[in-house]
Amino acid sequence: MRLYYMTSAKWAEVILKERRLKLSRFHEANDPFELNLIDSRDPSRRKIVKMIEKHHIERTGMICLGAVWDNPMIWAHYAEKHTGICLGLEVDDQLVSAVEYTNEKIDVEFGPHLPNHGLSRELLNKVLTTKSKVWESEQERRVLGELKTPDPKTGLYYTDFGSQVQLRSVIIGYRCTWTIAEVVSLLGQVVEPVRVWKVRPAFGRFAMVEQHGIKSVTIHPPKVSRK
C-alpha cells in the first residue's frame, strides 16, 4: 500500500540518512483527544479511560501516514508550510490501520459482570484508531508498534526501512529549497527504485500537483553482476 509521510526538511534529512522512522508517542500527538474516544463524564469511568491511556502511552507507538500527497492543508501543517518533504512509502498492508472518524464519543459499559470488565480487544483497538471528524480530511493511516527496545543514543523508538516499509519516492515541497540533485546525493545507494520530484499548486483546482517543469529523477538499485 502506497502511503505518505510529511515532515520538515530538517527531519527528512535525518530520516533519509538513517533509513528509519520514529515511532511517535500518543501523549506527544497534536490531538489532545488521542486515546479518549470513550465518554468519561462519569468519574468511575474516567478512571478506566485514564488506565487505558496510560497503558498505550507506555507500550504503544505509531507512525502516522496519509493516503494522499496532494492535500495543500496537510503540506501546510506537517511539512512546515510547504517548505518540507513528503516521503512516499510502500507499506505492508498487514501493518496498516485506517483511522476512523466520528462526531461522538462512545458510551461503554464496564464492570465485573462483563468479560474482562468490558475491556474487549475490539474496544482497545478502536480507541487506538478513532478520531474526531474534524481530522477527516487527513485520510490518516497508522502503523502501530509495541515499544520494545529504545535507541541507546536517543532513547526513542524506531522502525527501520526494509521489506515491510520501503522508501519509494521523495516529493519536494513547493517552497522547499532542496534541489533534486541534492536529494539524489543524500540518498546515495538504494535497495528499491526511488523517484524524486517536486510539487506546485495546481492551476485549475485546490491541490498540489507535480511540477513537470523540473525533471524528476528515479534512482535505481545497483545492478547485480552475473558471473
# chains A, B, ... in the order shown; residues from 1 in each chain; ligands from 1
call {"tool": "residues_around", "arguments": {"residues": "region 109-113 of chain A", "least_positions_apart": "4", "cutoff": "9 Å", "atoms": "only C-alpha atoms", "output": "VMD selection string"}}
result
chain A and resid 45 48 117 to 119
call {"tool": "write_last_selection", "arguments": {"atoms": "C-alpha atoms", "output": "mmCIF file, in the first residue's frame"}}
result
data_model
loop_
_atom_site.group_PDB
_atom_site.id
_atom_site.type_symbol
_atom_site.label_atom_id
_atom_site.label_comp_id
_atom_site.auth_asym_id
_atom_site.auth_seq_id
_atom_site.Cartn_x
_atom_site.Cartn_y
_atom_site.Cartn_z
ATOM 1 C CA ARG A 45 -15.495 5.507 34.011
ATOM 2 C CA ILE A 48 -10.763 3.323 33.380
ATOM 3 C CA HIS A 117 -14.658 -5.913 32.862
ATOM 4 C CA GLY A 118 -15.759 -4.758 29.385
ATOM 5 C CA LEU A 119 -12.230 -4.116 28.117
#
call {"tool": "select_by_dssp", "arguments": {"residues": "region 5-174 of chain A", "states": "strand (DSSP E)", "output": "PyMOL selection string"}}
result
chain A and resi 5-7+20-22+24-25+60-66+85-91+96-98+100-102+130-132+140-146+158-160+165-172
call {"tool": "write_last_selection", "arguments": {"atoms": "C-alpha atoms", "output": "short mmCIF file (atom, residue, chain, number, x, y, z; two decimals), in the first residue's frame"}}
result
data_model
loop_
_atom_site.label_atom_id
_atom_site.label_comp_id
_atom_site.auth_asym_id
_atom_site.auth_seq_id
_atom_site.Cartn_x
_atom_site.Cartn_y
_atom_site.Cartn_z
CA TYR A 5 4.79 10.77 5.43
CA MET A 6 5.24 14.54 5.60
CA THR A 7 7.88 16.28 7.65
CA ARG A 20 14.30 4.73 9.64
CA LEU A 21 11.13 6.38 11.00
CA LYS A 22 10.48 7.34 14.60
CA SER A 24 5.50 8.70 17.85
CA ARG A 25 4.04 8.52 21.34
CA THR A 60 2.36 1.56 22.04
CA GLY A 61 3.88 3.81 19.40
CA MET A 62 2.61 4.86 15.99
CA ILE A 63 3.74 6.12 12.62
CA CYS A 64 1.12 8.49 11.21
CA LEU A 65 0.78 8.39 7.42
CA GLY A 66 -1.60 9.78 4.83
CA ILE A 85 9.33 16.97 2.26
CA CYS A 86 6.86 14.15 1.64
CA LEU A 87 8.17 10.59 1.64
CA GLY A 88 6.26 8.03 -0.40
CA LEU A 89 6.37 4.65 1.33
CA GLU A 90 5.29 1.19 0.25
CA VAL A 91 3.93 -0.34 3.46
CA VAL A 96 -1.73 -0.60 8.33
CA SER A 97 -4.76 0.51 10.33
CA ALA A 98 -7.14 3.04 8.78
CA GLU A 100 -11.99 6.09 11.57
CA TYR A 101 -13.68 9.42 12.24
CA THR A 102 -16.71 10.19 14.38
CA THR A 130 -10.57 6.66 16.07
CA LYS A 131 -10.51 10.45 15.96
CA SER A 132 -12.92 13.35 15.66
CA GLU A 140 -4.83 9.07 8.10
CA ARG A 141 -3.42 5.56 8.18
CA ARG A 142 -1.43 4.27 11.15
CA VAL A 143 1.31 1.74 11.66
CA LEU A 144 1.11 0.73 15.32
CA GLY A 145 4.04 -0.87 17.09
CA GLU A 146 4.99 -2.12 20.51
CA TYR A 158 12.20 3.45 15.51
CA THR A 159 11.11 1.29 12.60
CA ASP A 160 13.83 0.68 10.01
CA VAL A 165 8.34 -0.31 4.96
CA GLN A 166 10.07 0.70 1.71
CA LEU A 167 11.04 4.21 0.62
CA ARG A 168 9.75 4.65 -2.95
CA SER A 169 9.57 8.42 -3.52
CA VAL A 170 10.82 11.73 -2.19
CA ILE A 171 8.48 14.62 -3.00
CA ILE A 172 9.97 18.08 -2.57
#
call {"tool": "closest_residue", "arguments": {"among": "A:Asp92, A:Asp31, A:Glu138, A:Glu58", "to": "Pro72 (chain A)", "atoms": "only C-alpha atoms"}}
result
A:Glu138
call {"tool": "select_by_dssp", "arguments": {"residues": "chain A", "states": "alpha helix (DSSP H)", "output": "MDAnalysis selection string"}}
result
chainID A and resid 9:18 43:59 72:78 121:128 180:187
call {"tool": "residues_around", "arguments": {"residues": "Gly84 (chain A)", "least_positions_apart": "6", "cutoff": "8 Å", "atoms": "only C-alpha atoms", "output": "PDB file with N, CA and C atoms, in the first residue's frame"}}
result
ATOM      1  N   MET A   6       4.770  13.165   5.777  1.00  0.00           N
ATOM      2  CA  MET A   6       5.241  14.537   5.597  1.00  0.00           C
ATOM      3  C   MET A   6       5.998  15.015   6.821  1.00  0.00           C
ATOM      4  N   THR A   7       7.061  15.793   6.560  1.00  0.00           N
ATOM      5  CA  THR A   7       7.876  16.282   7.650  1.00  0.00           C
ATOM      6  C   THR A   7       8.672  17.502   7.177  1.00  0.00           C
ATOM      7  N   SER A   8       9.396  18.111   8.085  1.00  0.00           N
ATOM      8  CA  SER A   8      10.240  19.250   7.725  1.00  0.00           C
ATOM      9  C   SER A   8      11.468  18.767   6.965  1.00  0.00           C
ATOM     10  N   ALA A   9      12.123  19.666   6.263  1.00  0.00           N
ATOM     11  CA  ALA A   9      13.348  19.310   5.555  1.00  0.00           C
ATOM     12  C   ALA A   9      14.424  18.845   6.537  1.00  0.00           C
ATOM     13  N   LYS A  10      14.473  19.467   7.694  1.00  0.00           N
ATOM     14  CA  LYS A  10      15.463  19.104   8.716  1.00  0.00           C
ATOM     15  C   LYS A  10      15.332  17.640   9.105  1.00  0.00           C
ATOM     16  N   ALA A  12      13.550  15.307   7.522  1.00  0.00           N
ATOM     17  CA  ALA A  12      13.638  14.437   6.349  1.00  0.00           C
ATOM     18  C   ALA A  12      15.086  14.050   6.078  1.00  0.00           C
ATOM     19  N   TRP A  75       0.255  19.577   3.692  1.00  0.00           N
ATOM     20  CA  TRP A  75       1.584  20.153   3.466  1.00  0.00           C
ATOM     21  C   TRP A  75       1.828  21.335   4.411  1.00  0.00           C
ATOM     22  N   ILE A 172       9.443  16.827  -3.100  1.00  0.00           N
ATOM     23  CA  ILE A 172       9.972  18.083  -2.575  1.00  0.00           C
ATOM     24  C   ILE A 172       8.861  19.132  -2.541  1.00  0.00           C
ATOM     25  N   GLY A 173       8.685  19.765  -1.387  1.00  0.00           N
ATOM     26  CA  GLY A 173       7.631  20.754  -1.214  1.00  0.00           C
ATOM     27  C   GLY A 173       7.797  21.967  -2.119  1.00  0.00           C
ATOM     28  N   ARG A 175       7.743  25.136  -1.551  1.00  0.00           N
ATOM     29  CA  ARG A 175       8.624  26.190  -1.040  1.00  0.00           C
ATOM     30  C   ARG A 175       9.940  25.648  -0.488  1.00  0.00           C
ATOM     31  N   CYS A 176      10.175  24.381  -0.651  1.00  0.00           N
ATOM     32  CA  CYS A 176      11.408  23.770  -0.149  1.00  0.00           C
ATOM     33  C   CYS A 176      12.587  24.192  -1.035  1.00  0.00           C
TER      34      CYS A 176
END
